[in-house]
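Q: My structure is stored as protein.pdb, with PDB, C-alpha atoms, pLDDT in the B column.
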```
ATOM      1  CA  GLY I   1     -18.677  -0.062  -7.809  1.00 42.00           C
ATOM      2  CA  ASP I   2     -17.473  -2.932  -9.971  1.00 49.00           C
ATOM      3  CA  ARG I   3     -13.923  -2.546  -8.751  1.00 51.00           C
ATOM      4  CA  MET I   4     -14.991  -3.968  -5.376  1.00 52.00           C
ATOM      5  CA  ALA I   5     -16.761  -6.960  -6.914  1.00 59.00           C
ATOM      6  CA  LYS I   6     -13.714  -9.181  -6.795  1.00 81.00           C
ATOM      7  CA  GLY I   7     -11.517 -10.062  -3.829  1.00 93.00           C
ATOM      8  CA  THR I   8      -8.288  -8.537  -2.614  1.00 97.00           C
ATOM      9  CA  ALA I   9      -4.862  -8.997  -4.177  1.00 97.00           C
ATOM     10  CA  TYR I  10      -2.199  -9.457  -1.511  1.00 98.00           C
ATOM     11  CA  ILE I  11       1.191  -8.614  -3.020  1.00 97.00           C
ATOM     12  CA  VAL I  12       4.407  -9.266  -1.118  1.00 96.00           C
ATOM     13  CA  GLY I  13       7.586  -7.444  -2.152  1.00 94.00           C
ATOM     14  CA  ALA I  14      11.178  -7.906  -0.994  1.00 91.00           C
ATOM     15  CA  GLY I  15      11.155  -5.151   1.673  1.00 93.00           C
ATOM     16  CA  ASP I  16      10.504  -5.270   5.422  1.00 95.00           C
ATOM     17  CA  PHE I  17       7.791  -7.800   6.132  1.00 95.00           C
ATOM     18  CA  THR I  18       5.016  -8.081   8.688  1.00 95.00           C
ATOM     19  CA  THR I  19       2.197 -10.630   8.747  1.00 95.00           C
ATOM     20  CA  ARG I  20      -0.299  -8.075  10.130  1.00 95.00           C
ATOM     21  CA  GLY I  21      -3.624  -8.573   8.356  1.00 95.00           C
ATOM     22  CA  LEU I  22      -2.123 -11.069   5.901  1.00 96.00           C
ATOM     23  CA  ALA I  23      -5.140 -13.351   5.663  1.00 94.00           C
ATOM     24  CA  PRO I  24      -6.163 -14.023   2.069  1.00 95.00           C
ATOM     25  CA  GLY I  25      -9.617 -15.576   1.884  1.00 93.00           C
ATOM     26  CA  ARG I  26     -11.617 -17.198  -0.855  1.00 91.00           C
ATOM     27  CA  GLY I  27     -11.591 -15.110  -4.007  1.00 94.00           C
ATOM     28  CA  ASP I  28      -8.371 -13.357  -2.992  1.00 96.00           C
ATOM     29  CA  ILE I  29      -4.963 -13.862  -4.591  1.00 96.00           C
ATOM     30  CA  LEU I  30      -1.516 -13.929  -2.970  1.00 96.00           C
ATOM     31  CA  ILE I  31       1.303 -12.823  -5.269  1.00 96.00           C
ATOM     32  CA  ALA I  32       4.999 -12.842  -4.376  1.00 94.00           C
ATOM     33  CA  ALA I  33       6.840 -10.045  -6.165  1.00 91.00           C
ATOM     34  CA  ASP I  34      10.325 -11.461  -6.593  1.00 85.00           C
ATOM     35  CA  GLY I  35      12.185 -11.472  -3.221  1.00 87.00           C
ATOM     36  CA  GLY I  36       8.872 -11.329  -1.377  1.00 92.00           C
ATOM     37  CA  PHE I  37       8.782 -15.064  -1.984  1.00 91.00           C
ATOM     38  CA  ASP I  38      11.529 -15.556   0.615  1.00 90.00           C
ATOM     39  CA  SER I  39       9.516 -13.764   3.317  1.00 93.00           C
ATOM     40  CA  LEU I  40       6.534 -16.026   2.635  1.00 94.00           C
ATOM     41  CA  HIS I  41       8.648 -19.174   2.268  1.00 91.00           C
ATOM     42  CA  ARG I  42      10.180 -18.678   5.723  1.00 92.00           C
ATOM     43  CA  LEU I  43       6.659 -18.769   7.185  1.00 92.00           C
ATOM     44  CA  GLY I  44       5.579 -21.730   5.098  1.00 91.00           C
ATOM     45  CA  ILE I  45       3.046 -19.613   3.162  1.00 92.00           C
ATOM     46  CA  ARG I  46       2.594 -20.492  -0.515  1.00 91.00           C
ATOM     47  CA  PRO I  47       1.697 -17.724  -2.954  1.00 93.00           C
ATOM     48  CA  GLN I  48      -0.388 -18.557  -6.018  1.00 91.00           C
ATOM     49  CA  ILE I  49       2.228 -16.985  -8.245  1.00 91.00           C
ATOM     50  CA  VAL I  50       5.767 -15.615  -8.089  1.00 91.00           C
ATOM     51  CA  LEU I  51       6.414 -12.757 -10.440  1.00 90.00           C
ATOM     52  CA  GLY I  52       9.490 -10.677 -11.289  1.00 78.00           C
ATOM     53  CA  ASP I  53      12.958 -10.956 -12.741  1.00 72.00           C
ATOM     54  CA  MET I  54      13.922 -13.486 -10.033  1.00 67.00           C
ATOM     55  CA  ASP I  55      17.027 -11.474  -9.182  1.00 65.00           C
ATOM     56  CA  SER I  56      16.472 -11.486  -5.438  1.00 62.00           C
ATOM     57  CA  ILE I  57      15.031 -14.952  -4.791  1.00 64.00           C
ATOM     58  CA  THR I  58      17.442 -17.303  -3.064  1.00 62.00           C
ATOM     59  CA  ARG I  59      15.501 -20.514  -3.748  1.00 66.00           C
ATOM     60  CA  LEU I  60      13.117 -20.789  -6.644  1.00 65.00           C
ATOM     61  CA  PRO I  61       9.899 -22.472  -5.596  1.00 64.00           C
ATOM     62  CA  LYS I  62       8.772 -25.849  -6.871  1.00 69.00           C
ATOM     63  CA  GLY I  63       5.194 -26.195  -7.964  1.00 71.00           C
ATOM     64  CA  VAL I  64       4.358 -22.472  -7.706  1.00 74.00           C
ATOM     65  CA  ALA I  65       3.379 -20.659 -10.895  1.00 71.00           C
ATOM     66  CA  ARG I  66       6.098 -18.326 -12.130  1.00 73.00           C
ATOM     67  CA  LEU I  67       5.983 -15.271 -14.346  1.00 71.00           C
ATOM     68  CA  ARG I  68       9.496 -14.137 -15.220  1.00 71.00           C
ATOM     69  CA  PHE I  69      10.319 -10.683 -16.561  1.00 69.00           C
ATOM     70  CA  PRO I  70      13.642  -9.567 -18.067  1.00 67.00           C
ATOM     71  CA  PRO I  71      15.857  -7.723 -15.560  1.00 64.00           C
ATOM     72  CA  LYS I  72      15.953  -4.623 -17.810  1.00 64.00           C
ATOM     73  CA  LYS I  73      12.279  -3.856 -17.272  1.00 65.00           C
ATOM     74  CA  ASP I  74      10.863  -0.368 -16.767  1.00 65.00           C
ATOM     75  CA  LEU I  75       8.563  -1.165 -13.853  1.00 74.00           C
ATOM     76  CA  THR I  76       9.311  -2.415 -10.337  1.00 81.00           C
ATOM     77  CA  ASP I  77       8.316  -5.971  -9.458  1.00 85.00           C
ATOM     78  CA  MET I  78       5.575  -4.487  -7.266  1.00 90.00           C
ATOM     79  CA  ALA I  79       4.136  -2.496 -10.185  1.00 89.00           C
ATOM     80  CA  LEU I  80       4.285  -5.578 -12.439  1.00 89.00           C
ATOM     81  CA  ALA I  81       2.433  -7.597  -9.804  1.00 93.00           C
ATOM     82  CA  LEU I  82      -0.225  -4.874  -9.563  1.00 94.00           C
ATOM     83  CA  ASP I  83      -0.686  -4.864 -13.341  1.00 92.00           C
ATOM     84  CA  PHE I  84      -1.023  -8.650 -13.267  1.00 93.00           C
ATOM     85  CA  ALA I  85      -3.738  -8.463 -10.570  1.00 95.00           C
ATOM     86  CA  LYS I  86      -5.571  -5.540 -12.231  1.00 94.00           C
ATOM     87  CA  ALA I  87      -5.693  -7.466 -15.514  1.00 93.00           C
ATOM     88  CA  ARG I  88      -7.470 -10.243 -13.613  1.00 93.00           C
ATOM     89  CA  GLY I  89     -10.113  -7.866 -12.292  1.00 94.00           C
ATOM     90  CA  PHE I  90      -8.875  -7.210  -8.775  1.00 95.00           C
ATOM     91  CA  GLY I  91      -9.648  -3.734  -7.444  1.00 92.00           C
ATOM     92  CA  GLN I  92      -8.419  -3.933  -3.853  1.00 96.00           C
ATOM     93  CA  PHE I  93      -4.754  -4.299  -2.987  1.00 97.00           C
ATOM     94  CA  ARG I  94      -2.754  -4.912   0.171  1.00 97.00           C
ATOM     95  CA  LEU I  95       0.966  -4.404  -0.416  1.00 97.00           C
ATOM     96  CA  TYR I  96       3.515  -6.021   1.893  1.00 97.00           C
ATOM     97  CA  GLY I  97       7.312  -5.767   1.822  1.00 95.00           C
ATOM     98  CA  ALA I  98       6.877  -2.408   0.102  1.00 95.00           C
ATOM     99  CA  THR I  99       9.120  -0.328   2.413  1.00 95.00           C
ATOM    100  CA  GLY I 100      12.480  -0.703   4.101  1.00 89.00           C
ATOM    101  CA  GLY I 101      15.536  -1.924   2.255  1.00 80.00           C
ATOM    102  CA  ARG I 102      16.199   0.380  -0.671  1.00 83.00           C
ATOM    103  CA  LEU I 103      14.785   3.872  -0.255  1.00 90.00           C
ATOM    104  CA  ASP I 104      14.265   4.255  -4.012  1.00 88.00           C
ATOM    105  CA  HIS I 105      12.019   1.167  -3.970  1.00 87.00           C
ATOM    106  CA  SER I 106      10.070   2.558  -1.008  1.00 93.00           C
ATOM    107  CA  LEU I 107       9.534   5.847  -2.879  1.00 93.00           C
ATOM    108  CA  ALA I 108       8.532   3.966  -6.030  1.00 91.00           C
ATOM    109  CA  ASN I 109       5.976   1.965  -4.045  1.00 94.00           C
ATOM    110  CA  LEU I 110       4.522   5.106  -2.441  1.00 95.00           C
ATOM    111  CA  GLN I 111       4.100   6.581  -5.930  1.00 94.00           C
ATOM    112  CA  THR I 112       2.525   3.327  -7.090  1.00 94.00           C
ATOM    113  CA  LEU I 113       0.077   3.434  -4.154  1.00 96.00           C
ATOM    114  CA  ALA I 114      -0.863   7.038  -4.975  1.00 96.00           C
ATOM    115  CA  GLY I 115      -1.330   6.031  -8.619  1.00 95.00           C
ATOM    116  CA  LEU I 116      -3.740   3.257  -7.587  1.00 95.00           C
ATOM    117  CA  ALA I 117      -5.911   5.762  -5.717  1.00 96.00           C
ATOM    118  CA  ARG I 118      -5.897   8.140  -8.670  1.00 95.00           C
ATOM    119  CA  GLU I 119      -7.127   5.307 -10.914  1.00 95.00           C
ATOM    120  CA  GLY I 120     -10.002   4.597  -8.518  1.00 94.00           C
ATOM    121  CA  PHE I 121      -8.550   1.487  -6.897  1.00 94.00           C
ATOM    122  CA  CYS I 122      -8.359   0.823  -3.185  1.00 93.00           C
ATOM    123  CA  GLY I 123      -4.841   0.127  -1.913  1.00 95.00           C
ATOM    124  CA  VAL I 124      -2.876   0.054   1.321  1.00 97.00           C
ATOM    125  CA  ILE I 125       0.773  -0.577   2.208  1.00 97.00           C
ATOM    126  CA  VAL I 126       1.162  -2.707   5.341  1.00 97.00           C
ATOM    127  CA  ALA I 127       4.645  -2.324   6.853  1.00 96.00           C
ATOM    128  CA  PRO I 128       6.178  -3.012  10.275  1.00 94.00           C
ATOM    129  CA  GLY I 129       4.881  -0.324  12.614  1.00 92.00           C
ATOM    130  CA  ILE I 130       3.050   1.669   9.945  1.00 95.00           C
ATOM    131  CA  THR I 131       0.126   1.400   7.551  1.00 96.00           C
ATOM    132  CA  ILE I 132      -0.124   3.716   4.544  1.00 97.00           C
ATOM    133  CA  TYR I 133      -3.367   4.537   2.736  1.00 97.00           C
ATOM    134  CA  ALA I 134      -3.850   6.569  -0.421  1.00 97.00           C
ATOM    135  CA  LEU I 135      -6.865   8.690  -1.203  1.00 96.00           C
ATOM    136  CA  ALA I 136      -7.903  10.634  -4.318  1.00 97.00           C
ATOM    137  CA  ASN I 137     -10.816  13.086  -4.474  1.00 96.00           C
ATOM    138  CA  GLY I 138     -12.764  11.493  -1.649  1.00 96.00           C
ATOM    139  CA  THR I 139     -12.969  10.475   2.008  1.00 97.00           C
ATOM    140  CA  LEU I 140     -11.352   7.762   4.125  1.00 96.00           C
ATOM    141  CA  ARG I 141     -13.041   6.904   7.429  1.00 97.00           C
ATOM    142  CA  PHE I 142     -11.185   5.243  10.284  1.00 96.00           C
ATOM    143  CA  PRO I 143     -12.390   3.562  13.473  1.00 95.00           C
ATOM    144  CA  PRO I 144     -11.216   4.875  16.843  1.00 95.00           C
ATOM    145  CA  LEU I 145      -7.495   4.305  17.381  1.00 94.00           C
ATOM    146  CA  LYS I 146      -5.591   4.420  20.653  1.00 93.00           C
ATOM    147  CA  PRO I 147      -5.106   8.077  21.665  1.00 94.00           C
ATOM    148  CA  GLY I 148      -1.644   9.279  20.650  1.00 93.00           C
ATOM    149  CA  THR I 149      -1.403   7.012  17.614  1.00 94.00           C
ATOM    150  CA  VAL I 150       0.488   9.054  15.016  1.00 95.00           C
ATOM    151  CA  VAL I 151      -1.472   9.967  11.880  1.00 95.00           C
ATOM    152  CA  SER I 152       0.291  11.917   9.118  1.00 95.00           C
ATOM    153  CA  VAL I 153      -1.110  13.255   5.860  1.00 95.00           C
ATOM    154  CA  PHE I 154       0.982  14.086   2.770  1.00 95.00           C
ATOM    155  CA  CYS I 155      -0.087  15.199  -0.665  1.00 94.00           C
ATOM    156  CA  GLN I 156       1.354  13.450  -3.668  1.00 93.00           C
ATOM    157  CA  GLY I 157       1.755  14.488  -7.288  1.00 89.00           C
ATOM    158  CA  GLY I 158       0.740  18.123  -6.904  1.00 92.00           C
ATOM    159  CA  GLU I 159      -1.199  20.233  -4.456  1.00 95.00           C
ATOM    160  CA  ALA I 160      -4.295  18.943  -2.679  1.00 96.00           C
ATOM    161  CA  LEU I 161      -7.315  21.195  -2.205  1.00 96.00           C
ATOM    162  CA  GLY I 162     -10.184  20.987   0.257  1.00 96.00           C
ATOM    163  CA  VAL I 163      -8.291  18.851   2.778  1.00 96.00           C
ATOM    164  CA  THR I 164     -10.379  18.223   5.893  1.00 96.00           C
ATOM    165  CA  LEU I 165      -9.324  16.236   8.966  1.00 96.00           C
ATOM    166  CA  LYS I 166     -11.953  15.602  11.599  1.00 97.00           C
ATOM    167  CA  GLY I 167     -11.618  13.645  14.841  1.00 96.00           C
ATOM    168  CA  LEU I 168      -7.849  14.124  15.122  1.00 96.00           C
ATOM    169  CA  LYS I 169      -5.940  16.216  17.674  1.00 95.00           C
ATOM    170  CA  TYR I 170      -5.268  18.953  15.097  1.00 94.00           C
ATOM    171  CA  PRO I 171      -8.280  19.341  12.824  1.00 94.00           C
ATOM    172  CA  LEU I 172      -8.094  20.923   9.379  1.00 94.00           C
ATOM    173  CA  THR I 173     -10.963  22.334   7.350  1.00 95.00           C
ATOM    174  CA  GLU I 174     -10.848  22.814   3.585  1.00 96.00           C
ATOM    175  CA  ALA I 175      -7.086  23.342   3.739  1.00 94.00           C
ATOM    176  CA  ARG I 176      -4.615  23.405   0.857  1.00 95.00           C
ATOM    177  CA  LEU I 177      -1.578  21.146   1.079  1.00 94.00           C
ATOM    178  CA  ASP I 178       1.377  21.401  -1.264  1.00 92.00           C
ATOM    179  CA  PRO I 179       3.980  18.702  -1.954  1.00 89.00           C
ATOM    180  CA  PHE I 180       6.864  20.738  -0.541  1.00 89.00           C
ATOM    181  CA  THR I 181       5.589  21.624   2.943  1.00 83.00           C
ATOM    182  CA  PRO I 182       4.821  18.710   5.282  1.00 79.00           C
ATOM    183  CA  LEU I 183       1.992  20.513   7.089  1.00 79.00           C
ATOM    184  CA  GLY I 184       0.102  17.315   7.791  1.00 82.00           C
ATOM    185  CA  VAL I 185       2.879  15.391   9.537  1.00 85.00           C
ATOM    186  CA  SER I 186       2.530  14.054  13.121  1.00 88.00           C
ATOM    187  CA  ASN I 187      -1.132  14.510  13.867  1.00 94.00           C
ATOM    188  CA  GLU I 188      -2.618  12.254  16.540  1.00 95.00           C
ATOM    189  CA  ALA I 189      -5.613  10.016  17.023  1.00 95.00           C
ATOM    190  CA  THR I 190      -7.868  10.965  19.936  1.00 96.00           C
ATOM    191  CA  GLY I 191      -9.704   7.707  20.562  1.00 95.00           C
ATOM    192  CA  GLN I 192     -12.635   8.933  18.428  1.00 97.00           C
ATOM    193  CA  PRO I 193     -13.488   7.803  14.904  1.00 97.00           C
ATOM    194  CA  PHE I 194     -11.858  10.161  12.408  1.00 97.00           C
ATOM    195  CA  TYR I 195     -11.890  10.931   8.745  1.00 97.00           C
ATOM    196  CA  VAL I 196      -9.585  12.390   6.125  1.00 97.00           C
ATOM    197  CA  SER I 197     -11.130  14.066   3.111  1.00 97.00           C
ATOM    198  CA  VAL I 198      -9.726  15.718  -0.022  1.00 97.00           C
ATOM    199  CA  GLY I 199     -11.741  17.636  -2.611  1.00 97.00           C
ATOM    200  CA  GLN I 200      -9.140  17.543  -5.337  1.00 97.00           C
ATOM    201  CA  GLY I 201      -5.784  15.788  -5.343  1.00 96.00           C
ATOM    202  CA  VAL I 202      -4.120  12.697  -3.904  1.00 97.00           C
ATOM    203  CA  LEU I 203      -3.196  12.167  -0.250  1.00 96.00           C
ATOM    204  CA  LEU I 204      -1.073   9.557   1.482  1.00 96.00           C
ATOM    205  CA  VAL I 205      -2.210   8.872   5.043  1.00 96.00           C
ATOM    206  CA  THR I 206       0.216   7.071   7.339  1.00 96.00           C
ATOM    207  CA  ILE I 207      -0.870   5.494  10.596  1.00 96.00           C
ATOM    208  CA  GLY I 208       1.970   4.340  12.812  1.00 92.00           C
ATOM    209  CA  ALA I 209       2.925   3.434  16.342  1.00 61.00           C
ATOM    210  CA  SER I 210      -0.499   1.926  16.729  1.00 48.00           C
ATOM    211  CA  PRO I 211      -1.960  -1.298  18.089  1.00 43.00           C
ATOM    212  CA  VAL I 212      -4.081  -1.752  14.949  1.00 41.00           C
TER
END
```
Could you render the structure from this file as structure tokens?
A:
Amino acid sequence: GDRMAKGTAYIVGAGDFTTRGLAPGRGDILIAADGGFDSLHRLGIRPQIVLGDMDSITRLPKGVARLRFPPKKDLTDMALALDFAKARGFGQFRLYGATGGRLDHSLANLQTLAGLAREGFCGVIVAPGITIYALANGTLRFPPLKPGTVVSVFCQGGEALGVTLKGLKYPLTEARLDPFTPLGVSNEATGQPFYVSVGQGVLLVTIGASPV
């Protein structure tokens, strides 16, 4: 729908960084969330805006737009950056530097990703060695991945009903997942296209140890 009309917001946080798929095009925006600026700066990549409380930036950029928030804010820098991009009409998000470092920040960013899906936005966390998708009441389709690539499925924020996995080593049909039993962990790609579907609820799908 309309949410796809605009480009993608690339948001870089202060966590572990990879450049995989970091290729903003025309109509996209690149936002550094606080310490994420350092990761970009080292590669000579200029974000359009740096946003956050500036507590973890070693050098403040010259000539890059800045949006400073007080350190005693309620939201993470990543969540603030998402709000900034949503307010400008972006509906697709690629989050970098969202894992590693502090575990509480990683958990916060996973919750934030799940929240995006629940609101009808399309988001993905791109981290070294792993990519994390979120899905609410719908289907995600994936191209063939190298056989043995690890695919794990977790529910978030309550139980998930009608969970179907097709094209993976261990298929599931209309299953119920609950947040306390990691039933969906360590599935595997088979070299065929596959899909993950949920009738009701929110899933996180992690794809790791993969050439993609």
Q: Might you pull out every residue within 12 Å of I:Ser106, with all atoms listed in the file counted and same-chain residues fewer than 3 positions away left off, and present them as a PyMOL selection string?
A: chain I and resi 13-16+76+78+95-103+109-113+125+127+132
Q: Write the residues of the preceding selection, restricted to C-alpha atoms, as a PDB file, in the coordinates of the input.
A:
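File written: out-v5.pdb
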```pdb
ATOM      1  CA  GLY I  13       7.586  -7.444  -2.152  1.00 94.00           C
ATOM      2  CA  ALA I  14      11.178  -7.906  -0.994  1.00 91.00           C
ATOM      3  CA  GLY I  15      11.155  -5.151   1.673  1.00 93.00           C
ATOM      4  CA  ASP I  16      10.504  -5.270   5.422  1.00 95.00           C
ATOM      5  CA  THR I  76       9.311  -2.415 -10.337  1.00 81.00           C
ATOM      6  CA  MET I  78       5.575  -4.487  -7.266  1.00 90.00           C
ATOM      7  CA  LEU I  95       0.966  -4.404  -0.416  1.00 97.00           C
ATOM      8  CA  TYR I  96       3.515  -6.021   1.893  1.00 97.00           C
ATOM      9  CA  GLY I  97       7.312  -5.767   1.822  1.00 95.00           C
ATOM     10  CA  ALA I  98       6.877  -2.408   0.102  1.00 95.00           C
ATOM     11  CA  THR I  99       9.120  -0.328   2.413  1.00 95.00           C
ATOM     12  CA  GLY I 100      12.480  -0.703   4.101  1.00 89.00           C
ATOM     13  CA  GLY I 101      15.536  -1.924   2.255  1.00 80.00           C
ATOM     14  CA  ARG I 102      16.199   0.380  -0.671  1.00 83.00           C
ATOM     15  CA  LEU I 103      14.785   3.872  -0.255  1.00 90.00           C
ATOM     16  CA  ASN I 109       5.976   1.965  -4.045  1.00 94.00           C
ATOM     17  CA  LEU I 110       4.522   5.106  -2.441  1.00 95.00           C
ATOM     18  CA  GLN I 111       4.100   6.581  -5.930  1.00 94.00           C
ATOM     19  CA  THR I 112       2.525   3.327  -7.090  1.00 94.00           C
ATOM     20  CA  LEU I 113       0.077   3.434  -4.154  1.00 96.00           C
ATOM     21  CA  ILE I 125       0.773  -0.577   2.208  1.00 97.00           C
ATOM     22  CA  ALA I 127       4.645  -2.324   6.853  1.00 96.00           C
ATOM     23  CA  ILE I 132      -0.124   3.716   4.544  1.00 97.00           C
TER      24      ILE I 132
END
```
Q: Smallest atom-to-atom distance to I:Pro143: which of I:Ala85, I:Leu67, I:Ala9, I:Val196, using all atoms listed in the file?
A: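 Closest residue, counting all atoms listed in the file: I:Val196.
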Q: Do you know which residues are at most 9 Å from I:Ala175 counting all atoms listed in the file, after dropping those on the same chain fewer than 6 positions away, and could you put them as a list in words?
A: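 Here the answer would be Ala160, Leu161, Gly162, Val163, Thr164 and Val198 of chain I.
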Q: Deliver the residues from the most recent selection as a file, using C-alpha atoms, as a JSON list (two decimals), in the coordinates of the input.
A:
```
[["chain", "number", "residue", "atom", "x", "y", "z"],
["I", 160, "ALA", "CA", -4.30, 18.94, -2.68],
["I", 161, "LEU", "CA", -7.32, 21.20, -2.20],
["I", 162, "GLY", "CA", -10.18, 20.99, 0.26],
["I", 163, "VAL", "CA", -8.29, 18.85, 2.78],
["I", 164, "THR", "CA", -10.38, 18.22, 5.89],
["I", 198, "VAL", "CA", -9.73, 15.72, -0.02]]
```
Q: Any idea what's packed within 10 Å of I:Pro47, counting all atoms listed in the file, ignoring anything in its chain fewer than 5 positions away? Could you give it as a ChimeraX atom specification?
A: /I:10-12,29-33,36-37,40-41,61,64-65
Q: Output C-alpha atoms for every residue in that selection, as a short mmCIF file (atom, residue, chain, number, x, y, z; two decimals), keeping the file's coordinate frame.
A:
```cif
data_model
loop_
_atom_site.label_atom_id
_atom_site.label_comp_id
_atom_site.auth_asym_id
_atom_site.auth_seq_id
_atom_site.Cartn_x
_atom_site.Cartn_y
_atom_site.Cartn_z
CA TYR I 10 -2.20 -9.46 -1.51
CA ILE I 11 1.19 -8.61 -3.02
CA VAL I 12 4.41 -9.27 -1.12
CA ILE I 29 -4.96 -13.86 -4.59
CA LEU I 30 -1.52 -13.93 -2.97
CA ILE I 31 1.30 -12.82 -5.27
CA ALA I 32 5.00 -12.84 -4.38
CA ALA I 33 6.84 -10.04 -6.16
CA GLY I 36 8.87 -11.33 -1.38
CA PHE I 37 8.78 -15.06 -1.98
CA LEU I 40 6.53 -16.03 2.64
CA HIS I 41 8.65 -19.17 2.27
CA PRO I 61 9.90 -22.47 -5.60
CA VAL I 64 4.36 -22.47 -7.71
CA ALA I 65 3.38 -20.66 -10.90
#
```
Q: What does the PyMOL selection byres ((chain I and resi 144) around 8) select in this file, as a list in words?
A: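 For this structure, the PyMOL selection byres ((chain I and resi 144) around 8) captures Phe142, Pro143, Leu145, Lys146, Ala189, Thr190, Gly191, Gln192, Pro193 and Phe194 of chain I.
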Q: From the list I:Asp83, I:Arg118, I:Gly89, I:Gly129, which residue is nearest I:Phe17 when using all atoms listed in the file?
A: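 Of the candidates, the smallest distance to I:Phe17 is held by I:Gly129.
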Q: Point out the residue among I:Pro147, I:Gly63, I:Leu116, I:Gly201 with the least atom-to-atom distance to I:Arg46, counting only C-alpha atoms.
A: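 For I:Arg46, the nearest of the candidates is I:Gly63.
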Q: Please identify all polymer residues within 12 Å of I:Leu165, counting only C-alpha atoms, omitting same-chain residues fewer than 6 positions from it, and present them as a ChimeraX atom specification.
A: /I:139-142,151-153,171-176,184,187-189,193-199,203,205
Q: Going by the chain IDs and residue numbers used in this file, which residues fall under the PyMOL selection byres ((chain I and resi 207) around 6)? Write them as number ranges by chain.
A: I: 130-131, 150-151, 206, 208
Q: Given the file shown, determine the residues that the PyMOL selection byres ((chain I and resi 88) around 12) selects; report them as a compact mmCIF listing (two decimals) with C-alpha atoms, keeping the file's coordinate frame.
A:
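Result saved to expr.txt:
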```
# COMPACT_ATOMS: atom_id res chain seq x y z
CA ARG I 3 -13.92 -2.55 -8.75
CA ALA I 5 -16.76 -6.96 -6.91
CA LYS I 6 -13.71 -9.18 -6.80
CA GLY I 7 -11.52 -10.06 -3.83
CA THR I 8 -8.29 -8.54 -2.61
CA ALA I 9 -4.86 -9.00 -4.18
CA GLY I 27 -11.59 -15.11 -4.01
CA ASP I 28 -8.37 -13.36 -2.99
CA ILE I 29 -4.96 -13.86 -4.59
CA ALA I 81 2.43 -7.60 -9.80
CA LEU I 82 -0.22 -4.87 -9.56
CA ASP I 83 -0.69 -4.86 -13.34
CA PHE I 84 -1.02 -8.65 -13.27
CA ALA I 85 -3.74 -8.46 -10.57
CA LYS I 86 -5.57 -5.54 -12.23
CA ALA I 87 -5.69 -7.47 -15.51
CA GLY I 89 -10.11 -7.87 -12.29
CA PHE I 90 -8.88 -7.21 -8.78
CA GLY I 91 -9.65 -3.73 -7.44
CA GLN I 92 -8.42 -3.93 -3.85
```
Q: Between atom CA of I:Pro128 and atom CA of I:Arg20, what is the distance in Å, rounded to a tenth?
A: 8.2 Å
Q: Compare I:Pro179, I:Gly44, I:Gly120, I:Gly148 by their minimum atom-to-atom distance to I:Leu135, counting all atoms listed in the file, and give me the closest one.
A: I:Gly120
Q: Interatomic distance between atom CA of I:Ala114 and atom CA of I:Thr181?
A: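 Atom CA of I:Thr181 lies 17.8 Å from atom CA of I:Ala114.
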Q: Could you jot down the atom CA of I:Gly157 to atom CA of I:Phe93 separation for me, Å, one decimal place?
A: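 Pair atom CA of I:Gly157 / atom CA of I:Phe93 returns 20.3 Å.
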Q: Kindly provide, as AutoDock Vina command-line options, the centre and edge lengths (Å, one decimal) of an axis-aligned box around all atoms of stretch 105-118 of chain I given in the file, with 3 Å on each side.
A:
```
--center_x 3.1 --center_y 4.7 --center_z -4.8 --size_x 23.9 --size_y 13.0 --size_z 13.7
```
Q: I'd like to know which of I:Val202, I:Arg42, I:Lys169, I:Gln48 is closest to I:Ala117, using only C-alpha atoms.
A: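 Among I:Val202, I:Arg42, I:Lys169, I:Gln48, it is I:Val202 that comes nearest to I:Ala117.
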Q: Between I:His105, I:Leu183, I:Arg94, I:Gly138, which is the closest to I:Gly123 once you count only C-alpha atoms?
A: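 Of all the options, I:Arg94 lies closest to I:Gly123.
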Q: Just want the 6 Å neighbourhood of I:Arg68, counted on only C-alpha atoms, with same-chain residues fewer than 6 positions away dropped. Output as JSON, numbers by chain.
A: {"I": [51, 52, 53]}
